[in-house]
Amino acid sequence: SRNVDDVFFMLDAETSRTDYVSPNIERLLGVPLEQVRQDIRALRALHPKDSPDHDKNFLAGIQCGEQSEWDADYDHQQTGERRWFHIVAMGSEVAGRTKYILVMSDRTADRKINQALSEAVAAAEAASRAKSTFLSNMSHDIRTPMNAIIGMTTIAAAYIDDKQRVADCLEKIGYSSKHLMTLINDVLDMSKISEGKMRIAHEQFKLETVVESVSSIIYPQAREKNIRYEI
């Protein structure tokens with residue numbers, strides 16, 4: 001019993017005197033074996049203060065031949081680590097006296113695995129929602145430059161003999177094409193990020209130049225009117 005993760009008890013139902021405690025309790029809960037032997041209620045002090053089971057007596061009312069099960073959490077007395085156990089208690093008669101036989105099974109590892117899986121599922125669902133939102137918004141944003149390109153192309157075709165108007169349309173088509181290419185690159189970057197292939201380059205840059213280049217694509221009229229955006 002020193003090497004397993006199940007703690008075994010036998011105690012008297014009337015006096016609560018402990019007849020047997022497996023020695024692995026010191027490893028699993030950090031409480032001295034002799035302390036539990038003298039008084040089983042020493043385990044109550046290991047219940048977290050915010051636990052509803054702190055003062056609850058689960059053994060009350062268990063008769064011979066009956067069995068009860070419950071889950072409980074304890075703080076390791078030496079490390080302070082929160083540990084979870086599944087407890088099975090059975091009533092039995094030994095030498096004419098009612099005894100409680102308890103088995104405390106350590107479920108801490110299972111609890112941590114389940115918690116990690118739950119967090120992973122939640123993170124995956126959040127990532128999926130974010131990706132869907134991104135693609136939905138991106139699809140809407142792509143329509144704007146596409147409509148501009150189609151519209152300007154239609155106008156240019158209708159006024160093919162008007163060189164100034166055609167030139168103006170071609171310039172707007174150029175702006176919209178650059179904007180569309182930027183959006184497509186964003187989608188490709190998103191795909192690289194999802195696959196873990198995105199590499200971040202740590203380089204110095206001039207913020208004013210970046211803002212002006214972005215604004216000239218999104219707001220082409222700014223360059224036409226020679227508008228400067230100051231930071």
# chains A, B, ... in the order shown; residues from 1 in each chain; ligands from 1
$ closest_atom_pairs --of "region 105-145 of chain A" --to "region 179-203 of chain A" --cutoff "12 Å" --atoms "only C-alpha atoms" --output "tab-separated table"
residue	atom	partner	partner_atom	distance
A:Ala124	CA	A:Ser194	CA	11.1
A:Ala127	CA	A:Ser194	CA	9.1
A:Ser128	CA	A:Ser194	CA	10.2
A:Ala130	CA	A:Met190	CA	10.9
A:Lys131	CA	A:Met190	CA	8.5
A:Ser132	CA	A:Met190	CA	11.5
A:Phe134	CA	A:Val187	CA	8.8
A:Leu135	CA	A:Val187	CA	7.9
A:Ser136	CA	A:Val187	CA	11.3
A:Asn137	CA	A:Leu183	CA	10.8
A:Met138	CA	A:Leu183	CA	7.3
A:Ser139	CA	A:Leu183	CA	9.4
A:His140	CA	A:Leu183	CA	10.8
A:Asp141	CA	A:Leu183	CA	7.8
A:Ile142	CA	A:Leu180	CA	6.3
A:Arg143	CA	A:Leu180	CA	8.9
A:Thr144	CA	A:Leu180	CA	8.6
A:Pro145	CA	A:Leu180	CA	5.9
$ select_by_dssp --residues "chain A" --states "strand (DSSP E or B)" --output "ChimeraX atom specification"
/A:6-12,18-21,67-75,82-94,97-106
$ write_last_selection --atoms "C-alpha atoms" --output "mmCIF file, in the first residue's frame"
data_model
loop_
_atom_site.group_PDB
_atom_site.id
_atom_site.type_symbol
_atom_site.label_atom_id
_atom_site.label_comp_id
_atom_site.auth_asym_id
_atom_site.auth_seq_id
_atom_site.Cartn_x
_atom_site.Cartn_y
_atom_site.Cartn_z
ATOM 1 C CA ASP A 6 -5.282 4.481 -2.776
ATOM 2 C CA VAL A 7 -5.347 5.186 0.975
ATOM 3 C CA PHE A 8 -7.038 2.512 3.119
ATOM 4 C CA PHE A 9 -8.714 3.108 6.484
ATOM 5 C CA MET A 10 -10.540 1.069 9.073
ATOM 6 C CA LEU A 11 -12.123 2.907 11.991
ATOM 7 C CA ASP A 12 -14.654 2.235 14.706
ATOM 8 C CA THR A 18 -8.618 4.456 13.734
ATOM 9 C CA ASP A 19 -7.738 0.765 13.620
ATOM 10 C CA TYR A 20 -5.655 0.996 10.455
ATOM 11 C CA VAL A 21 -4.317 3.629 8.069
ATOM 12 C CA GLN A 67 -21.841 1.694 0.933
ATOM 13 C CA SER A 68 -21.466 5.393 0.193
ATOM 14 C CA GLU A 69 -19.324 7.270 -2.332
ATOM 15 C CA TRP A 70 -18.333 10.912 -2.693
ATOM 16 C CA ASP A 71 -15.607 13.183 -4.021
ATOM 17 C CA ALA A 72 -13.512 15.441 -1.840
ATOM 18 C CA ASP A 73 -10.551 17.757 -2.249
ATOM 19 C CA TYR A 74 -7.711 18.324 0.203
ATOM 20 C CA ASP A 75 -4.674 20.565 0.478
ATOM 21 C CA ARG A 82 -4.805 20.886 -4.120
ATOM 22 C CA ARG A 83 -5.522 17.166 -4.508
ATOM 23 C CA TRP A 84 -8.793 15.427 -5.426
ATOM 24 C CA PHE A 85 -9.954 12.037 -4.164
ATOM 25 C CA HIS A 86 -12.846 9.680 -4.805
ATOM 26 C CA ILE A 87 -13.854 8.045 -1.534
ATOM 27 C CA VAL A 88 -15.759 4.798 -1.022
ATOM 28 C CA ALA A 89 -16.958 3.982 2.507
ATOM 29 C CA MET A 90 -18.461 0.622 3.541
ATOM 30 C CA GLY A 91 -20.080 -0.398 6.796
ATOM 31 C CA SER A 92 -18.975 -3.781 8.168
ATOM 32 C CA GLU A 93 -19.204 -5.758 11.388
ATOM 33 C CA VAL A 94 -15.946 -6.954 12.944
ATOM 34 C CA ARG A 97 -18.570 -3.907 16.412
ATOM 35 C CA THR A 98 -19.515 -1.725 13.466
ATOM 36 C CA LYS A 99 -16.497 -0.637 11.461
ATOM 37 C CA TYR A 100 -16.057 1.740 8.554
ATOM 38 C CA ILE A 101 -13.730 0.643 5.770
ATOM 39 C CA LEU A 102 -12.703 3.530 3.536
ATOM 40 C CA VAL A 103 -10.749 3.674 0.291
ATOM 41 C CA MET A 104 -9.519 7.108 -0.843
ATOM 42 C CA SER A 105 -8.492 6.970 -4.514
ATOM 43 C CA ASP A 106 -6.264 9.807 -5.706
#
